[in-house]
Amino acid sequence: MSISIFSAFDGGNIEVVDASQAQHIRLNIRPDAGERHFQWFYYQVCDAAGLDLVMTIENAGKTSFAEAFKDYQAVASHDHVHWFRVPTQFDGQKLVIEHTPEADIVYYAFFEPYGHARHMALLAEAGASDAVSIESLCATPDGHAHSLITATESTLDDPTVIWITARQHPGEPMAEWWIEGFLDRLLDASDPVSRQLLSRCVFYIVPNMCIDGSIRGHLRCNATGANLNREWAEPSPERSPEVFYVREKMVETGIDIALDIHGDEALPYNFFAGAEGTASWDEKKQADFDRLKNILADLSPDFQTEFGYEIDPPNSSDLRKCTDYLSETFDCLAVTLEMPFKDAANSPVPDTGWDGMRSAQFGRAMVDALWAYIR
């Protein structure tokens, strides 16, 4: 019986060059719309139980962040629930994944996926809370609902307004896993910290900024080929409605704190990136940023403050990016949170690396961090 490989499903991405021999499978990653970016892969192998699979992704060296494959291990699952790391090598050009499946059907991916069905279930579960309302801000270019969750029980005249956007880059599913954990904790009526936050704050949460790209199996772009985290200065209803209508809502609500949740392909750490390059960055903004960062580091051993991006020099900001734009436009604390595709090197779990459940637990920790920050 011959091996079959499929990716025509939610979030799937692979092109099969040759699958005639188990130990010489040749694959390519399909580019995003616009042909500029690609790296996310996710595919199903059938009729492979007990076979020593050697799968070579031949265009890995040409991906958007090829250096990210150094010291990287792909993830696999037999049941779509339990994901684990499998031996993976990268020579600078080709990524080779080796694994012997225990079942006839096995899945391989760049990171543990977060599918559209789970996204819909997330909205339904959140919507069951009396503290929550959900609205569709627009239709995406592919015709999906672009959903916003509002969560509050505040009766204050001037509650703290907190915006959280996630998964602007669709191939970073750890961001939506983080949202799931955050919402699970925030909407737990038995949790005293969550109750206090909801009594003092209004949360506006977009669980997935790039639904179309997530379903299409993209790395960074929506259905029109727009990298949403480069659209904030001048979004348009045609090219980037996801940003255009979120930005309109932000003007209506104002912002005190903004968190933009991402994954970083290369760095094996959880870390913050700030808006230090913006023109209005000052000692107060630096102090606010450092305070939230240090609070989270005290609360979660998975977070650290030593490693991250190089700090932007003064007046070098890119207002096309969400964090820079929001900090400058709304004079608020705006933070990008990055999580790894590999493992958290300061807190490793080798069998799974960084995964969906760890991302969700990290989201839960942010509830404590925000409470400590605002009180």
# chains A, B, ... in the order shown; residues from 1 in each chain; ligands from 1
call {"tool": "select_by_dssp", "arguments": {"residues": "region 96-193 of chain A", "states": "strand (DSSP E)", "output": "ChimeraX atom specification"}}
result
/A:96-99,105-109,132-139,145-151,160-166
call {"tool": "write_last_selection", "arguments": {"atoms": "N, CA, C and O atoms", "output": "short mmCIF file (atom, residue, chain, number, x, y, z; two decimals), in the first residue's frame"}}
result
data_model
loop_
_atom_site.label_atom_id
_atom_site.label_comp_id
_atom_site.auth_asym_id
_atom_site.auth_seq_id
_atom_site.Cartn_x
_atom_site.Cartn_y
_atom_site.Cartn_z
N VAL A 96 14.75 18.11 7.26
CA VAL A 96 14.49 16.67 7.20
C VAL A 96 13.83 16.22 8.51
O VAL A 96 14.40 16.39 9.58
N ILE A 97 12.64 15.67 8.38
CA ILE A 97 11.87 15.17 9.52
C ILE A 97 11.86 13.66 9.45
O ILE A 97 11.49 13.07 8.42
N GLU A 98 12.25 13.00 10.55
CA GLU A 98 12.28 11.54 10.60
C GLU A 98 11.37 11.05 11.72
O GLU A 98 11.45 11.53 12.85
N HIS A 99 10.54 10.07 11.40
CA HIS A 99 9.60 9.57 12.40
C HIS A 99 9.01 8.24 11.94
O HIS A 99 8.80 8.04 10.73
N ILE A 105 -2.63 6.99 10.44
CA ILE A 105 -2.74 8.41 10.14
C ILE A 105 -1.93 9.20 11.15
O ILE A 105 -2.04 8.98 12.36
N VAL A 106 -1.11 10.10 10.66
CA VAL A 106 -0.28 10.94 11.52
C VAL A 106 -0.21 12.33 10.91
O VAL A 106 -0.29 12.49 9.69
N TYR A 107 -0.11 13.32 11.78
CA TYR A 107 -0.04 14.72 11.35
C TYR A 107 1.31 15.31 11.75
O TYR A 107 1.84 14.99 12.82
N TYR A 108 1.83 16.20 10.90
CA TYR A 108 3.06 16.93 11.18
C TYR A 108 2.80 18.41 10.97
O TYR A 108 2.05 18.81 10.06
N ALA A 109 3.42 19.25 11.80
CA ALA A 109 3.18 20.69 11.70
C ALA A 109 4.38 21.46 12.23
O ALA A 109 5.22 20.93 12.96
N VAL A 132 -19.84 38.83 28.94
CA VAL A 132 -19.32 38.91 27.58
C VAL A 132 -20.39 39.29 26.57
O VAL A 132 -21.54 38.83 26.65
N SER A 133 -19.99 40.13 25.63
CA SER A 133 -20.75 40.32 24.40
C SER A 133 -19.79 40.13 23.23
O SER A 133 -18.59 40.39 23.36
N ILE A 134 -20.31 39.65 22.11
CA ILE A 134 -19.48 39.37 20.93
C ILE A 134 -20.11 40.03 19.72
O ILE A 134 -21.32 39.90 19.49
N GLU A 135 -19.29 40.73 18.95
CA GLU A 135 -19.78 41.35 17.73
C GLU A 135 -18.86 41.04 16.57
O GLU A 135 -17.67 40.75 16.76
N SER A 136 -19.40 41.06 15.38
CA SER A 136 -18.61 40.91 14.17
C SER A 136 -18.29 42.30 13.64
O SER A 136 -19.20 43.06 13.31
N LEU A 137 -17.02 42.62 13.57
CA LEU A 137 -16.61 43.95 13.12
C LEU A 137 -16.70 44.11 11.62
O LEU A 137 -16.91 45.21 11.11
N CYS A 138 -16.55 43.00 10.88
CA CYS A 138 -16.59 43.04 9.43
C CYS A 138 -16.53 41.61 8.91
O CYS A 138 -16.34 40.66 9.68
N ALA A 139 -16.69 41.46 7.61
CA ALA A 139 -16.38 40.20 6.94
C ALA A 139 -14.94 40.27 6.44
O ALA A 139 -14.49 41.30 5.94
N ALA A 145 -16.41 35.79 9.58
CA ALA A 145 -16.70 36.81 10.58
C ALA A 145 -15.42 37.21 11.31
O ALA A 145 -14.66 36.34 11.75
N HIS A 146 -15.19 38.51 11.41
CA HIS A 146 -14.04 39.03 12.16
C HIS A 146 -14.56 39.46 13.52
O HIS A 146 -15.18 40.52 13.67
N SER A 147 -14.33 38.63 14.54
CA SER A 147 -15.06 38.74 15.81
C SER A 147 -14.28 39.48 16.89
O SER A 147 -13.06 39.32 17.02
N LEU A 148 -15.02 40.26 17.66
CA LEU A 148 -14.49 40.98 18.81
C LEU A 148 -15.25 40.56 20.06
O LEU A 148 -16.49 40.60 20.08
N ILE A 149 -14.53 40.17 21.09
CA ILE A 149 -15.10 39.84 22.39
C ILE A 149 -14.95 41.05 23.31
O ILE A 149 -13.86 41.60 23.45
N THR A 150 -16.04 41.47 23.92
CA THR A 150 -16.00 42.50 24.96
C THR A 150 -16.37 41.84 26.28
O THR A 150 -17.40 41.17 26.38
N ALA A 151 -15.51 42.01 27.29
CA ALA A 151 -15.73 41.39 28.59
C ALA A 151 -15.60 42.43 29.69
O ALA A 151 -14.55 43.07 29.82
N THR A 160 -10.57 50.94 33.29
CA THR A 160 -9.36 50.74 32.50
C THR A 160 -9.71 49.95 31.23
O THR A 160 -10.34 48.90 31.30
N VAL A 161 -9.31 50.50 30.10
CA VAL A 161 -9.63 49.88 28.80
C VAL A 161 -8.42 49.08 28.34
O VAL A 161 -7.34 49.65 28.11
N ILE A 162 -8.60 47.78 28.19
CA ILE A 162 -7.50 46.89 27.80
C ILE A 162 -7.86 46.19 26.49
O ILE A 162 -8.88 45.50 26.41
N TRP A 163 -7.05 46.39 25.48
CA TRP A 163 -7.22 45.73 24.18
C TRP A 163 -6.19 44.61 24.05
O TRP A 163 -5.00 44.81 24.36
N ILE A 164 -6.64 43.46 23.58
CA ILE A 164 -5.74 42.34 23.30
C ILE A 164 -6.03 41.83 21.90
O ILE A 164 -7.15 41.41 21.60
N THR A 165 -5.03 41.89 21.04
CA THR A 165 -5.12 41.35 19.69
C THR A 165 -4.16 40.17 19.58
O THR A 165 -3.08 40.19 20.15
N ALA A 166 -4.57 39.16 18.84
CA ALA A 166 -3.73 37.96 18.74
C ALA A 166 -3.74 37.45 17.30
O ALA A 166 -4.70 37.63 16.55
#
call {"tool": "residues_around", "arguments": {"residues": "Phe9 (chain A)", "least_positions_apart": "5", "cutoff": "10 Å", "atoms": "only C-alpha atoms", "output": "list in words"}}
result
Tyr42, Tyr43, Gln44, Gly115, Ile215, Arg216 and Gly217 of chain A
call {"tool": "select_by_dssp", "arguments": {"residues": "region 165-291 of chain A", "states": "alpha helix (DSSP H)", "output": "ChimeraX atom specification"}}
result
/A:174-186,192-200,211-216,241-253,283-291
call {"tool": "write_last_selection", "arguments": {"atoms": "C-alpha atoms", "output": "short mmCIF file (atom, residue, chain, number, x, y, z; two decimals), in the first residue's frame"}}
result
data_model
loop_
_atom_site.label_atom_id
_atom_site.label_comp_id
_atom_site.auth_asym_id
_atom_site.auth_seq_id
_atom_site.Cartn_x
_atom_site.Cartn_y
_atom_site.Cartn_z
CA MET A 174 0.46 29.85 20.03
CA ALA A 175 -1.12 33.32 20.17
CA GLU A 176 -4.65 31.93 20.04
CA TRP A 177 -3.77 29.17 22.51
CA TRP A 178 -2.65 32.01 24.81
CA ILE A 179 -6.01 33.74 24.33
CA GLU A 180 -7.85 30.53 25.22
CA GLY A 181 -6.01 30.28 28.53
CA PHE A 182 -6.43 33.99 29.26
CA LEU A 183 -10.18 33.90 28.62
CA ASP A 184 -10.65 30.68 30.57
CA ARG A 185 -9.15 32.37 33.61
CA LEU A 186 -10.68 35.81 33.08
CA PRO A 192 -11.31 36.47 42.79
CA VAL A 193 -8.58 38.09 40.69
CA SER A 194 -10.68 37.77 37.54
CA ARG A 195 -13.74 39.18 39.28
CA GLN A 196 -11.76 42.21 40.43
CA LEU A 197 -10.33 42.78 36.95
CA LEU A 198 -13.76 42.60 35.33
CA SER A 199 -15.14 45.03 37.92
CA ARG A 200 -12.46 47.61 37.12
CA ILE A 211 -8.88 34.15 10.16
CA ASP A 212 -8.39 33.82 6.39
CA GLY A 213 -4.66 33.27 6.63
CA SER A 214 -5.12 30.74 9.43
CA ILE A 215 -7.56 28.65 7.38
CA ARG A 216 -5.43 28.94 4.22
CA PRO A 241 -10.32 45.15 6.67
CA GLU A 242 -9.24 43.17 9.74
CA VAL A 243 -7.07 46.08 10.86
CA PHE A 244 -9.25 48.85 9.43
CA TYR A 245 -12.32 47.96 11.48
CA VAL A 246 -10.42 47.06 14.65
CA ARG A 247 -8.74 50.43 14.47
CA GLU A 248 -12.11 52.17 14.05
CA LYS A 249 -13.39 50.42 17.18
CA MET A 250 -10.26 51.42 19.09
CA VAL A 251 -10.91 55.07 18.27
CA GLU A 252 -14.41 54.64 19.69
CA THR A 253 -13.26 53.01 22.95
CA GLU A 283 10.61 57.92 31.21
CA LYS A 284 7.02 57.24 32.26
CA LYS A 285 6.36 54.88 29.35
CA GLN A 286 9.64 53.13 30.02
CA ALA A 287 8.76 52.75 33.70
CA ASP A 288 5.28 51.39 32.86
CA PHE A 289 6.73 48.93 30.37
CA ASP A 290 9.42 47.75 32.78
CA ARG A 291 6.92 47.40 35.59
#
call {"tool": "residues_around", "arguments": {"residues": "Ser327 (chain A)", "least_positions_apart": "4", "cutoff": "9 Å", "atoms": "only C-alpha atoms", "output": "ChimeraX atom specification"}}
result
/A:257-258,274-275,278,280-281,322-323,331-335
call {"tool": "write_last_selection", "arguments": {"atoms": "N, CA, C and O atoms", "output": "PDB file, in the first residue's frame"}}
result
ATOM      1  N   ILE A 257      -4.255  50.091  27.964  1.00  0.00           N
ATOM      2  CA  ILE A 257      -3.239  49.045  27.840  1.00  0.00           C
ATOM      3  C   ILE A 257      -3.554  48.239  26.587  1.00  0.00           C
ATOM      4  O   ILE A 257      -4.716  47.875  26.357  1.00  0.00           O
ATOM      5  N   ALA A 258      -2.539  47.957  25.784  1.00  0.00           N
ATOM      6  CA  ALA A 258      -2.721  47.150  24.577  1.00  0.00           C
ATOM      7  C   ALA A 258      -1.681  46.035  24.566  1.00  0.00           C
ATOM      8  O   ALA A 258      -0.484  46.297  24.718  1.00  0.00           O
ATOM      9  N   GLY A 274       8.707  46.423  23.170  1.00  0.00           N
ATOM     10  CA  GLY A 274       7.986  47.663  23.440  1.00  0.00           C
ATOM     11  C   GLY A 274       8.025  48.612  22.262  1.00  0.00           C
ATOM     12  O   GLY A 274       8.399  48.262  21.149  1.00  0.00           O
ATOM     13  N   ALA A 275       7.633  49.853  22.533  1.00  0.00           N
ATOM     14  CA  ALA A 275       7.553  50.887  21.495  1.00  0.00           C
ATOM     15  C   ALA A 275       8.609  51.959  21.734  1.00  0.00           C
ATOM     16  O   ALA A 275       8.361  53.158  21.582  1.00  0.00           O
ATOM     17  N   THR A 278       9.291  55.073  19.342  1.00  0.00           N
ATOM     18  CA  THR A 278       8.290  56.087  19.027  1.00  0.00           C
ATOM     19  C   THR A 278       8.708  57.460  19.546  1.00  0.00           C
ATOM     20  O   THR A 278       9.447  57.582  20.518  1.00  0.00           O
ATOM     21  N   SER A 280       7.085  59.710  21.137  1.00  0.00           N
ATOM     22  CA  SER A 280       6.593  60.116  22.458  1.00  0.00           C
ATOM     23  C   SER A 280       7.110  59.238  23.591  1.00  0.00           C
ATOM     24  O   SER A 280       6.698  59.414  24.745  1.00  0.00           O
ATOM     25  N   TRP A 281       8.000  58.309  23.290  1.00  0.00           N
ATOM     26  CA  TRP A 281       8.538  57.442  24.358  1.00  0.00           C
ATOM     27  C   TRP A 281       9.285  58.296  25.376  1.00  0.00           C
ATOM     28  O   TRP A 281      10.123  59.129  25.031  1.00  0.00           O
ATOM     29  N   CYS A 322       1.594  47.362  14.879  1.00  0.00           N
ATOM     30  CA  CYS A 322       0.526  47.575  15.856  1.00  0.00           C
ATOM     31  C   CYS A 322       1.028  48.267  17.121  1.00  0.00           C
ATOM     32  O   CYS A 322       0.478  49.293  17.531  1.00  0.00           O
ATOM     33  N   THR A 323       2.041  47.710  17.770  1.00  0.00           N
ATOM     34  CA  THR A 323       2.480  48.244  19.058  1.00  0.00           C
ATOM     35  C   THR A 323       2.966  49.679  18.929  1.00  0.00           C
ATOM     36  O   THR A 323       2.617  50.542  19.751  1.00  0.00           O
ATOM     37  N   ASP A 331      -1.401  57.073  23.204  1.00  0.00           N
ATOM     38  CA  ASP A 331      -0.595  57.421  24.378  1.00  0.00           C
ATOM     39  C   ASP A 331      -0.828  56.412  25.507  1.00  0.00           C
ATOM     40  O   ASP A 331      -1.099  56.757  26.652  1.00  0.00           O
ATOM     41  N   CYS A 332      -0.718  55.125  25.127  1.00  0.00           N
ATOM     42  CA  CYS A 332      -1.015  54.054  26.073  1.00  0.00           C
ATOM     43  C   CYS A 332       0.203  53.145  26.237  1.00  0.00           C
ATOM     44  O   CYS A 332       1.184  53.256  25.486  1.00  0.00           O
ATOM     45  N   LEU A 333       0.122  52.246  27.204  1.00  0.00           N
ATOM     46  CA  LEU A 333       1.118  51.193  27.311  1.00  0.00           C
ATOM     47  C   LEU A 333       0.786  50.137  26.264  1.00  0.00           C
ATOM     48  O   LEU A 333      -0.243  49.463  26.357  1.00  0.00           O
ATOM     49  N   ALA A 334       1.628  49.996  25.275  1.00  0.00           N
ATOM     50  CA  ALA A 334       1.427  49.014  24.208  1.00  0.00           C
ATOM     51  C   ALA A 334       2.605  48.052  24.194  1.00  0.00           C
ATOM     52  O   ALA A 334       3.762  48.479  24.208  1.00  0.00           O
ATOM     53  N   VAL A 335       2.305  46.759  24.168  1.00  0.00           N
ATOM     54  CA  VAL A 335       3.324  45.726  24.320  1.00  0.00           C
ATOM     55  C   VAL A 335       3.086  44.616  23.308  1.00  0.00           C
ATOM     56  O   VAL A 335       1.944  44.191  23.096  1.00  0.00           O
TER      57      VAL A 335
END
call {"tool": "closest_residue", "arguments": {"among": "A:Arg364, A:Leu187, A:Glu15, A:Gln89", "to": "Ala128 (chain A)", "atoms": "only C-alpha atoms"}}
result
A:Leu187
call {"tool": "atom_distance", "arguments": {"atom1": "CA of Tyr309 (chain A)", "atom2": "CA of Lys342 (chain A)"}}
result
16.6 Å
call {"tool": "closest_residue", "arguments": {"among": "A:Asp298, A:Asp188, A:Asp282, A:Asp91", "to": "Gly61 (chain A)", "atoms": "only C-alpha atoms"}}
result
A:Asp91
call {"tool": "closest_residue", "arguments": {"among": "A:Phe271, A:Thr155, A:Ile25, A:Val45", "to": "Ile5 (chain A)", "atoms": "only C-alpha atoms"}}
result
A:Val45
